[in-house]
There are 2 protein chains.
Amino acid sequence: MSIEEKTEQNAQNTQVENPSINSGQAQKPKINRGPTLRIIPLGGMEEVGRNMTVFEYEKDIVILDMGIQFPEEDMPGIDYIIPSISYLKGKEKNIRAVIFSHGHLDHIGAAPLLLPKLGYPPVVGKDLTIAMIKKRMEDFEKGSAKKLDVIRINSVNDMFDFGKFRVGFFNVEHSVVDAIGVIINTPQGTVIHPGDWTMEKNPVNGQPLTYTHLANLPKPKILMLESLGAVNTSSSMVGEREMYANLEKLISEAKGKVIIGTFASQINRIGHLLEYAKQIGKKVALDGYSMKMNVEIAKELGYIKVGNETIIPANAIGKYPDDKVIIICTGAQGEGNAVLSRIVSGDHKFIKVRKNDTIIFSSSVIPGNERTIQRLKDSLYRKCDNVVHSDIMDVHASGHCNADSIKEMIKQVQPDYFLPVYANHYILKEAAKLALSMGFPEKNIFVLDNGSIIEFRNKEARLSNKKAETGYVFVDGLGIGDIGEVVLRDRQNLSQDGMFVIIVAIDRTTGKVKGSPDIISRGFIYLRESQDLLRETRKRVIGIVEKPNTNAVSRLNYIKDEIRNRIGEFLFMKTERRPMVLPVILEI
Amino acid sequence: MSIEEKTEQNAQNTQVENPSINSGQAQKPKINRGPTLRIIPLGGMEEVGRNMTVFEYEKDIVILDMGIQFPEEDMPGIDYIIPSISYLKGKEKNIRAVIFSHGHLDHIGAAPLLLPKLGYPPVVGKDLTIAMIKKRMEDFEKGSAKKLDVIRINSVNDMFDFGKFRVGFFNVEHSVVDAIGVIINTPQGTVIHPGDWTMEKNPVNGQPLTYTHLANLPKPKILMLESLGAVNTSSSMVGEREMYANLEKLISEAKGKVIIGTFASQINRIGHLLEYAKQIGKKVALDGYSMKMNVEIAKELGYIKVGNETIIPANAIGKYPDDKVIIICTGAQGEGNAVLSRIVSGDHKFIKVRKNDTIIFSSSVIPGNERTIQRLKDSLYRKCDNVVHSDIMDVHASGHCNADSIKEMIKQVQPDYFLPVYANHYILKEAAKLALSMGFPEKNIFVLDNGSIIEFRNKEARLSNKKAETGYVFVDGLGIGDIGEVVLRDRQNLSQDGMFVIIVAIDRTTGKVKGSPDIISRGFIYLRESQDLLRETRKRVIGIVEKPNTNAVSRLNYIKDEIRNRIGEFLFMKTERRPMVLPVILEI
C-alpha cells in the first residue's frame, strides 16, 4: 500500500535515461532471495535522508533521526514539514529503536509527532540529545516526555542489539554537543553513518578525530556520508582555534558591550565563551528562549559549569560597566521576533545598542535568509561602529565538512559502498564525483532520492524498482498533513493579486438584482481610490445577472461562471492584475 | 513639499547618536550662502543611489540613470519598484539631461515611466545603452521611443554643457558593453562616478584600464564609487582570460551539445563565444527573448559581427551533430518560464538534454535566487552528467569590484571626498572603513542614504538637514504607486492562512438568519474535509446574529465585529491558524 509499484518497463526506461552513476533509478528486478538489508531515506525535501532514514532487515526496523524541514518560499503559511511515514504503516511492531544522531531540529523536530504514531518505540541517544527531545515533547504537549522509552548511550563503546541489528557508535564533531556517528551491523553489511559532521584539523580540546578504526569493520562496509560540503572546494576551512582566538580578542579589547548572535544549539561555543568571560572577569547575559533553555539543560547535564558568578540576567546588565558585559543571544538569522532584531529595533527592554558596542555574528547564513540578514546588518551598522561577521573576520566555524574532508573520510574508512546523503541531488552527484576521482568503483556508488530503497543481499547492492511514498507532510498550526496542493496554490494566488468577492442578491421571482452588489476585496487595489472601477464592476455584474436567455436548469452556476470570467477579464483589462474572483449568489 | 523638514534639535540628536562617519545624519544647519552643488541619491531600496542620482546646481539639474529594483520577498505580487521623483516636482523645467551609465535594468528600467513624467528631457548615453532604452520604451508603449530626445556619446572624449554642468566621460569595465563613467564638473566640485565597474587585471582585449588621469581634474574631486564589493576581501577575482580559457576548453572538448546559461546583457561574452564557435566550426543557437533581442541590437550596432554562418535558429539544431551545437540561453537564475527551465522540464520544443551534453552556468547567483537555482541544478544533474557552475570551475567573471580594487581606485583618483554608493548601508560603511584604513580623512567620507542631500559650497561639504522623499513606488500591472502598505499587508496575511468569508442573510423584520450562512474559504483548510468545522461555525454565526440585547443603532456593525472576532478565535482554537475573517451581512 505504501509502496508505489513500477512496471519493469518503466524502470528500464528511466535506467536508459541515466546510465552513469546509480542515481535513484531502478535496476532490473530480481526475485527476492534470502535476507536483505534495506535502507530507505525518508522526507519530502531535497536534502536526501537528512530528516529520517529507515534500516530494515527481515522483521526488524531501526530508524535514524526524526527531523523537520523548514518550508520553502512557495509554501506560505506552513510551519514546517515532517517526513511521510507511509512506508512504516503496518510495520510499527517491527520498529526496535529510533536512534538520534544529535539534537538539531532537522534531526529531532518531528519526534513529538511521529513517535506517538509509531507506538513510542525506544529512543536512543546521548544525554543532551535526549534532553532536547524531551524539551521538544513537553513544548508540544505537556507531560508527553514521560511516555518516552529512553535508551541512553553512556559511552561511544556501548553496543545494542535491536533485533538482528547490532548497533555501535563513534565520535564525530558537529556544531552541537553529543553528536554521534552510528555503526549498524547486519549479516548483509555494516552501515557507517556519521550524521552531520565536520573534520576539525586543530581542535581546541585534544587531538583531531580519526576514523581509521572504522576500516576494520566487517565487510561490506556501507558509508552513508553527509556530503553537504562536496561543492565547497576551497581548501581552507575556518578552524575552531582561529575562531576562538578572534572572538577572545574582540571580547577582551571591546570598549563597550559585546553582543554575540549565534545558534542556540552551539552549546560548546557558548560554554567556551562563558569560561573565557569568567577568566577575564566579564559578565554574560544569555537571551532568547531557546538559548536560555539549552544552556539550562547543558548546565543540568554538567556540560556547562560556569555559574551565576558569571551568568547574569539581562535585566541586570545596567549594574555593570559596558565593557564588563557580554550578551549571547539568538536572532543572527534576522528572525523578526528574536533577540537581536528586538535589540536593533530598540524594542528590547534591557539591552540598548551604543556606538562603541561590538556586535558579532558568530553564525553562518542559512540559505534563504540572505536578504533578511542584510537588512539586520544595515540596521546594526547604523547603531554601532563595530559589527563583525564572517565577511570581515573568521568568527564562525562551520559544523559541516568540505570536499577535502569528504575525500579524507573515504580514505580513512575504506568503504565498499559509498552513499552520499543529507544534501540536494546535485551536491550528492558532486560527492560521487569526488569518490570517482579517488578511483572508487562507479558501480558501488549510489546517489539515492528520498524514498529510494537500496537493498544489500549476498554481499551485493541493488536499487529496488519500488519506491517508498515520500510526499510532503505539511504542519500548519494544529493541522498535520491537511494542507495540500490546492490550499497552497490558493495561498500563492491570493498573495499575488489578492481577492475580489462579489455578493449578489437576486429576486427569485423576477430574476433581477436586489439592491447593489456587495464587493469585498483585499490585496488587490486600494478600494477607496478605485470608486470608478467598483461602480463599473457593479454595473457589469448586474448586466450579467439580468441578461435573458440563460438556460434555467443551471442558471445560478452559469451566472457564477460568467461573473468569474467576465469580471476577471474586466479587472485584468483595467489593472493587469488577476485577483481571485469569488461570486456569491443569494436567491431571495 | 517634497522636502521633509527636520527641526534643528532632531538633527542634532541624530548627530550625537552617530558621531563617527558622516552617515546620512544631518549636521547643524547653515544659512544658504552662494551657489551650491547638491547630490541626491534616489530610490526606495537599500542599495543607495543605484537606480537614480540627481545633481543640482542652482537652476540646473542633471540626472544619472533611471532604474528599477526587483521586489523583496515581503512584497508579493509587485512587478518592480521605481524611484520616487517627488524631489523633482516643480523642477521639471530645470532638468538639462538624463545620463545613462549603462544598459542594465537597474539603471534604465524606469525610463519609460519616468521620462514622460519629467517632460522627456534629453537622454545621454552610448549606442547600446540608448538602443536598450528604446527597446524598453517600445515594449512598454509602441511608438514611444520616437519621443526620446537623444544625445549620443560618440567618444569618451565628448564633452557636454548642460546648463552650468560640464559633463565628460571615462571608460569603465562592466558586464555590459558601452558602460561609461561620468565626470560632472561644476564650480563647486568635480564629481567622478564610474557607475557599476570592475577592475580587470588582465583583460582579453588590450591593457588594463587605469584612472590616474582623473587625479588631474579640478578640485575638490568627489568620488562617488559603486562599492558593492567592499566586503569581498578575497584577493583573487576570476579574470576574463581564465574564464574564457575554461569556457573554450569545455566547448572544444564537449562530446554532446553545449548549453550555456548567462545574462542576456552579457553582449561581450556572447560575442566572444560566437567568435570562438565560428573559429572551431560549431553552430550557435541563441534562445530567450531578451537574449535574441540584445544580440540583434548588438549586431545592428556592429558590436557582434558573427553572422548566420554560425548563428542558427533553435529549430535547426537537429540538422547538426550534437558535438557541433552550442546553445546560449537565458534562465540561469532558475526563472520558471525562461529557456533553461523549459529545457530541463522537457517543455522546450527543440532543445532536449542528453546525458553527455555539457550545461554551463556562466552567471552569478542573484541574492534571493539561491534556492530556485539549487532546484534547477538538481533537475539538470538528473538529466546530464556534465553540469558546470562556479562552485566547480571559474566560468563566470563578475562585473563588480572587490575590496582591493576599491582601494586601488581611491589610490589612482586621489579624491578629496569619498562617497561610497550602490550598495546596502552596511557595505557602504565597510567601504568607508577601507578608505579610512588608507589614511583618508574621516570628515571627507560621507555614507549617504537614499534621499540624503549632500551640499558642496565654498569647497566644503555638508549634509543637509533636509531629506528628499524616497518612499517605495511599486509597479504592479498597470498600477504605478497605487499599491501601499495596506494592500501589501493584506497580501501577506492572505498568503499565511488564507481567508474565510461568511455571508449571512438576516430577515429585516424578525432579525433571524434566513437559511444557512454561506461560507467561502480559500487557502485556509481543505473545506471538503472540514464539514464538522463548517457546521459548528455556521451554528456559532447564527448564535451571534440572533443573540438579543444588541444595541439597535449599530447592530449590523456590532454583528460584523462579533463574527470577525469570535469566529476568528474559534477557528484559531480549532486550527491554530488565523485566516482573514470577512463577514458580509445582507438585510432582507
# chains A, B, ... in the order shown; residues from 1 in each chain; ligands from 1

$ calpha_fit_rmsd --fixed "chain B" --moving "chain A"
0.1 Å

$ residues_around --residues "range 97-111 of chain B" --least-positions-apart "3" --cutoff "8 Å" --atoms "only C-alpha atoms" --output "PyMOL selection string"
chain B and resi 50-52+61-69+82-83+114-115+121-126+128-130+132-133+136-137+162+176-182+194-195+265

$ select_by_dssp --residues "range 151-315 of chain B" --states "strand (DSSP E or B)" --output "ChimeraX atom specification"
/B:151-152,160-162,165-171,173,180-186,189-193,198,221-226,258-261,283-287,311-312

$ residues_around --residues "Ile351 in chain B" --least-positions-apart "5" --cutoff "12 Å" --atoms "only C-alpha atoms" --output "PyMOL selection string"
chain B and resi 257-259+285-287+313-318+322+325-329+339-346+357

$ write_last_selection --atoms "C-alpha atoms" --output "compact mmCIF listing (two decimals), in the first residue's frame"
# COMPACT_ATOMS: atom_id res chain seq x y z
CA LYS B 257 25.67 19.79 -27.10
CA VAL B 258 26.92 22.69 -25.01
CA ILE B 259 24.20 24.71 -23.28
CA ALA B 285 21.51 28.81 -31.33
CA LEU B 286 20.51 31.78 -29.18
CA ASP B 287 17.36 31.38 -27.12
CA PRO B 313 17.70 29.13 -35.17
CA ALA B 314 16.89 26.81 -32.28
CA ASN B 315 14.63 24.70 -34.50
CA ALA B 316 17.61 23.89 -36.75
CA ILE B 317 19.85 22.29 -34.14
CA GLY B 318 18.63 18.83 -35.17
CA ASP B 322 25.30 17.30 -31.12
CA VAL B 325 25.95 22.63 -31.42
CA ILE B 326 26.14 25.37 -28.78
CA ILE B 327 23.05 26.91 -27.20
CA ILE B 328 23.37 30.22 -25.38
CA CYS B 329 20.25 30.99 -23.43
CA VAL B 339 14.64 28.83 -21.55
CA LEU B 340 16.85 26.83 -19.21
CA SER B 341 13.90 25.80 -17.04
CA ARG B 342 11.90 24.81 -20.09
CA ILE B 343 14.80 22.75 -21.39
CA VAL B 344 15.14 20.86 -18.13
CA SER B 345 11.41 20.28 -17.70
CA GLY B 346 11.25 18.83 -21.21
CA ASP B 357 25.62 17.29 -23.06

$ atom_distance --atom1 "CA of Val487 in chain B" --atom2 "CA of Pro76 in chain B"
10.0 Å

$ closest_residue --among "B:Leu113, B:Ile78, B:Val306, B:Ile506" --to "chain A" --atoms "only C-alpha atoms"
B:Ile78

$ residues_around --residues "Asn493 in chain B" --least-positions-apart "4" --cutoff "10 Å" --atoms "only C-alpha atoms" --output "list in words"
Pro76, Gly77, Arg491, Leu494, Ser495, Arg522 and Gly523 of chain A; Val487, Leu488, Arg489, Asp497, Gly498, Met499, Arg578, Pro579 and Met580 of chain B

$ closest_atom_pairs --of "range 371-444 of chain B" --to "range 37-48 of chain A" --cutoff "12 Å" --atoms "only C-alpha atoms" --output "Markdown table"
| residue | atom | partner | partner_atom | distance |
| --- | --- | --- | --- | --- |
| B:Arg371 | CA | A:Glu46 | CA | 10.4 |
| B:Thr372 | CA | A:Glu46 | CA | 11.8 |
| B:Gln374 | CA | A:Glu46 | CA | 9.3 |
| B:Arg375 | CA | A:Glu46 | CA | 8.2 |
| B:Leu376 | CA | A:Glu46 | CA | 11.6 |
| B:Lys377 | CA | A:Glu46 | CA | 11.4 |
| B:Asp378 | CA | A:Glu46 | CA | 8.5 |
| B:Ser379 | CA | A:Glu46 | CA | 10.9 |

$ residues_around --residues "Leu533 in chain A" --least-positions-apart "2" --cutoff "12 Å" --atoms "only C-alpha atoms" --output "list in words"
Ile519, Ile525, Tyr526, Leu527, Arg528, Glu529, Ser530, Gln531, Arg535, Glu536, Thr537, Arg538, Lys539, Arg540, Ile567, Phe570, Leu571, Phe572, Met573, Lys574 and Thr575 of chain A

$ write_last_selection --atoms "N, CA and C atoms" --output "short mmCIF file (atom, residue, chain, number, x, y, z; two decimals), in the first residue's frame"
data_model
loop_
_atom_site.label_atom_id
_atom_site.label_comp_id
_atom_site.auth_asym_id
_atom_site.auth_seq_id
_atom_site.Cartn_x
_atom_site.Cartn_y
_atom_site.Cartn_z
N ILE A 519 -19.25 44.26 -2.73
CA ILE A 519 -17.90 43.84 -3.14
C ILE A 519 -16.97 43.91 -1.95
N ILE A 525 -6.48 46.19 -4.93
CA ILE A 525 -6.22 47.61 -5.10
C ILE A 525 -6.71 48.32 -3.84
N TYR A 526 -6.34 49.58 -3.72
CA TYR A 526 -6.83 50.34 -2.59
C TYR A 526 -8.23 50.83 -2.96
N LEU A 527 -9.24 50.20 -2.34
CA LEU A 527 -10.62 50.38 -2.80
C LEU A 527 -11.08 51.84 -2.76
N ARG A 528 -10.69 52.56 -1.73
CA ARG A 528 -11.20 53.93 -1.59
C ARG A 528 -10.82 54.78 -2.78
N GLU A 529 -9.71 54.42 -3.43
CA GLU A 529 -9.27 55.22 -4.57
C GLU A 529 -9.70 54.60 -5.89
N SER A 530 -10.62 53.64 -5.81
CA SER A 530 -11.00 52.93 -7.03
C SER A 530 -12.51 52.90 -7.20
N GLN A 531 -13.17 53.99 -6.82
CA GLN A 531 -14.63 54.02 -6.85
C GLN A 531 -15.18 53.83 -8.27
N ARG A 535 -17.80 50.94 -9.39
CA ARG A 535 -19.10 51.28 -9.98
C ARG A 535 -19.30 50.52 -11.29
N GLU A 536 -18.26 50.57 -12.13
CA GLU A 536 -18.32 49.89 -13.42
C GLU A 536 -18.45 48.36 -13.24
N THR A 537 -17.77 47.84 -12.22
CA THR A 537 -17.87 46.40 -11.95
C THR A 537 -19.30 46.04 -11.55
N ARG A 538 -19.89 46.82 -10.67
CA ARG A 538 -21.27 46.54 -10.23
C ARG A 538 -22.22 46.55 -11.41
N LYS A 539 -22.03 47.53 -12.29
CA LYS A 539 -22.90 47.64 -13.47
C LYS A 539 -22.78 46.38 -14.32
N ARG A 540 -21.56 45.93 -14.49
CA ARG A 540 -21.35 44.74 -15.31
C ARG A 540 -21.93 43.49 -14.65
N ILE A 567 -15.88 39.32 -15.15
CA ILE A 567 -15.36 40.35 -14.23
C ILE A 567 -13.85 40.16 -14.08
N PHE A 570 -12.41 41.78 -17.05
CA PHE A 570 -12.57 43.23 -16.95
C PHE A 570 -11.52 43.83 -16.00
N LEU A 571 -11.37 43.18 -14.84
CA LEU A 571 -10.40 43.69 -13.87
C LEU A 571 -8.98 43.60 -14.43
N PHE A 572 -8.70 42.53 -15.18
CA PHE A 572 -7.37 42.40 -15.77
C PHE A 572 -7.12 43.50 -16.80
N MET A 573 -8.15 43.74 -17.62
CA MET A 573 -8.02 44.78 -18.65
C MET A 573 -7.73 46.14 -18.00
N LYS A 574 -8.41 46.39 -16.90
CA LYS A 574 -8.26 47.70 -16.25
C LYS A 574 -6.97 47.81 -15.44
N THR A 575 -6.45 46.67 -14.93
CA THR A 575 -5.34 46.77 -13.97
C THR A 575 -4.15 45.88 -14.31
#

$ select_by_dssp --residues "range 61-232 of chain A" --states "helix (DSSP H, G or I)" --output "PyMOL selection string"
chain A and resi 86-88+92-94+105-108+111-117+127-140+144-147+212-216+228-231

$ residues_around --residues "range 217-231 of chain A" --least-positions-apart "3" --cutoff "8 Å" --atoms "only C-alpha atoms" --output "PyMOL selection string"
(chain A and resi 188-197+213-214+400-403+406+413-424+427-428+430-431+434+459) or (chain B and resi 391-392)

$ closest_residue --among "A:Ser452, A:Thr233, A:Gln496, A:Thr470" --to "chain B" --atoms "only C-alpha atoms"
A:Gln496

$ residues_around --residues "range 552-564 of chain B" --least-positions-apart "6" --cutoff "9 Å" --atoms "only C-alpha atoms" --output "MDAnalysis selection string"
chainID B and resid 502 540:541 544:545 580:585

$ write_last_selection --atoms "N, CA and C atoms" --output "PDB file, in the first residue's frame"
ATOM      1  N   ILE B 502     -17.850  34.960   5.415  1.00  0.00           N
ATOM      2  CA  ILE B 502     -19.111  34.448   5.964  1.00  0.00           C
ATOM      3  C   ILE B 502     -20.235  35.354   5.495  1.00  0.00           C
ATOM      4  N   ARG B 540     -22.427  28.844  15.239  1.00  0.00           N
ATOM      5  CA  ARG B 540     -21.964  29.979  16.052  1.00  0.00           C
ATOM      6  C   ARG B 540     -22.336  31.319  15.420  1.00  0.00           C
ATOM      7  N   VAL B 541     -22.267  31.366  14.099  1.00  0.00           N
ATOM      8  CA  VAL B 541     -22.628  32.608  13.412  1.00  0.00           C
ATOM      9  C   VAL B 541     -24.098  32.938  13.693  1.00  0.00           C
ATOM     10  N   ILE B 544     -24.490  34.270  17.122  1.00  0.00           N
ATOM     11  CA  ILE B 544     -24.056  35.665  17.257  1.00  0.00           C
ATOM     12  C   ILE B 544     -25.134  36.617  16.721  1.00  0.00           C
ATOM     13  N   VAL B 545     -25.676  36.285  15.551  1.00  0.00           N
ATOM     14  CA  VAL B 545     -26.650  37.178  14.915  1.00  0.00           C
ATOM     15  C   VAL B 545     -27.932  37.270  15.742  1.00  0.00           C
ATOM     16  N   MET B 580      -8.062  35.425   7.341  1.00  0.00           N
ATOM     17  CA  MET B 580      -8.713  36.724   7.371  1.00  0.00           C
ATOM     18  C   MET B 580     -10.224  36.466   7.357  1.00  0.00           C
ATOM     19  N   VAL B 581     -10.925  36.808   8.434  1.00  0.00           N
ATOM     20  CA  VAL B 581     -12.368  36.547   8.524  1.00  0.00           C
ATOM     21  C   VAL B 581     -13.124  37.782   8.027  1.00  0.00           C
ATOM     22  N   LEU B 582     -13.947  37.610   7.012  1.00  0.00           N
ATOM     23  CA  LEU B 582     -14.658  38.729   6.396  1.00  0.00           C
ATOM     24  C   LEU B 582     -16.157  38.477   6.435  1.00  0.00           C
ATOM     25  N   PRO B 583     -16.881  39.148   7.344  1.00  0.00           N
ATOM     26  CA  PRO B 583     -18.327  38.948   7.428  1.00  0.00           C
ATOM     27  C   PRO B 583     -19.069  39.827   6.414  1.00  0.00           C
ATOM     28  N   VAL B 584     -20.091  39.256   5.789  1.00  0.00           N
ATOM     29  CA  VAL B 584     -20.976  40.024   4.899  1.00  0.00           C
ATOM     30  C   VAL B 584     -22.396  39.845   5.414  1.00  0.00           C
ATOM     31  N   ILE B 585     -23.069  40.948   5.736  1.00  0.00           N
ATOM     32  CA  ILE B 585     -24.424  40.844   6.261  1.00  0.00           C
ATOM     33  C   ILE B 585     -25.391  41.446   5.249  1.00  0.00           C
TER      34      ILE B 585
END

$ decode --residues "range 342-425 of chain A" --atoms "C-alpha atoms" --output "CSV table (one decimal), in the first residue's frame"
chain,number,residue,atom,x,y,z
A,342,ARG,CA,14.5,43.4,19.1
A,343,ILE,CA,17.8,44.9,20.2
A,344,VAL,CA,18.3,46.7,17.0
A,345,SER,CA,14.8,48.0,16.7
A,346,GLY,CA,15.0,49.4,20.2
A,347,ASP,CA,12.2,47.1,21.4
A,348,HIS,CA,14.4,45.2,23.9
A,349,LYS,CA,13.5,46.2,27.4
A,350,PHE,CA,17.1,46.0,28.9
A,351,ILE,CA,19.6,45.9,26.0
A,352,LYS,CA,20.2,49.1,24.1
A,353,VAL,CA,23.0,49.3,21.4
A,354,ARG,CA,25.6,52.0,21.7
A,355,LYS,CA,28.0,53.2,19.1
A,356,ASN,CA,31.1,51.7,20.8
A,357,ASP,CA,29.5,48.3,21.4
A,358,THR,CA,30.8,45.3,19.5
A,359,ILE,CA,28.2,43.1,17.7
A,360,ILE,CA,29.4,39.7,16.5
A,361,PHE,CA,27.5,37.4,14.1
A,362,SER,CA,29.1,34.0,15.2
A,363,SER,CA,26.9,32.1,12.7
A,364,SER,CA,26.5,31.1,9.1
A,365,VAL,CA,23.8,32.4,6.8
A,366,ILE,CA,21.1,29.8,6.3
A,367,PRO,CA,20.2,29.7,2.6
A,368,GLY,CA,17.0,31.8,2.1
A,369,ASN,CA,17.9,34.2,4.9
A,370,GLU,CA,20.4,36.3,2.9
A,371,ARG,CA,18.3,39.4,2.4
A,372,THR,CA,16.8,39.4,5.9
A,373,ILE,CA,20.3,39.3,7.4
A,374,GLN,CA,21.4,42.1,5.1
A,375,ARG,CA,18.7,44.2,6.5
A,376,LEU,CA,19.6,43.3,10.0
A,377,LYS,CA,23.2,44.3,9.3
A,378,ASP,CA,22.1,47.6,7.8
A,379,SER,CA,20.3,48.4,11.0
A,380,LEU,CA,23.1,47.3,13.2
A,381,TYR,CA,25.7,49.3,11.3
A,382,ARG,CA,23.6,52.4,11.7
A,383,LYS,CA,23.6,52.0,15.5
A,384,CYS,CA,27.0,50.6,16.1
A,385,ASP,CA,30.6,51.1,14.8
A,386,ASN,CA,31.8,47.6,15.4
A,387,VAL,CA,29.8,45.0,13.7
A,388,VAL,CA,31.8,41.8,12.9
A,389,HIS,CA,30.7,39.0,10.7
A,390,SER,CA,32.3,36.3,8.6
A,391,ASP,CA,33.0,38.7,5.7
A,392,ILE,CA,35.1,40.7,8.0
A,393,MET,CA,36.8,38.2,10.3
A,394,ASP,CA,36.6,34.4,11.0
A,395,VAL,CA,34.2,34.4,13.9
A,396,HIS,CA,32.3,31.3,13.0
A,397,ALA,CA,33.4,27.7,12.3
A,398,SER,CA,31.1,25.6,10.3
A,399,GLY,CA,29.7,22.3,11.5
A,400,HIS,CA,29.9,20.8,8.1
A,401,CYS,CA,32.8,19.3,6.1
A,402,ASN,CA,34.3,20.4,2.8
A,403,ALA,CA,35.3,18.5,-0.3
A,404,ASP,CA,38.8,17.7,1.1
A,405,SER,CA,37.3,16.2,4.3
A,406,ILE,CA,34.9,14.0,2.3
A,407,LYS,CA,37.9,12.5,0.5
A,408,GLU,CA,39.8,12.2,3.7
A,409,MET,CA,36.9,10.3,5.3
A,410,ILE,CA,36.6,7.9,2.4
A,411,LYS,CA,40.4,7.3,2.6
A,412,GLN,CA,40.2,6.6,6.3
A,413,VAL,CA,37.1,4.4,6.3
A,414,GLN,CA,37.8,2.5,3.1
A,415,PRO,CA,34.2,1.7,2.4
A,416,ASP,CA,33.0,-0.9,-0.1
A,417,TYR,CA,29.9,1.2,-0.9
A,418,PHE,CA,29.6,5.0,-0.9
A,419,LEU,CA,26.1,6.6,-0.4
A,420,PRO,CA,26.4,10.4,-0.2
A,421,VAL,CA,23.4,11.8,1.7
A,422,TYR,CA,22.0,14.9,3.5
A,423,ALA,CA,22.2,17.3,0.6
A,424,ASN,CA,20.5,18.3,-2.6
A,425,HIS,CA,20.8,15.9,-5.5
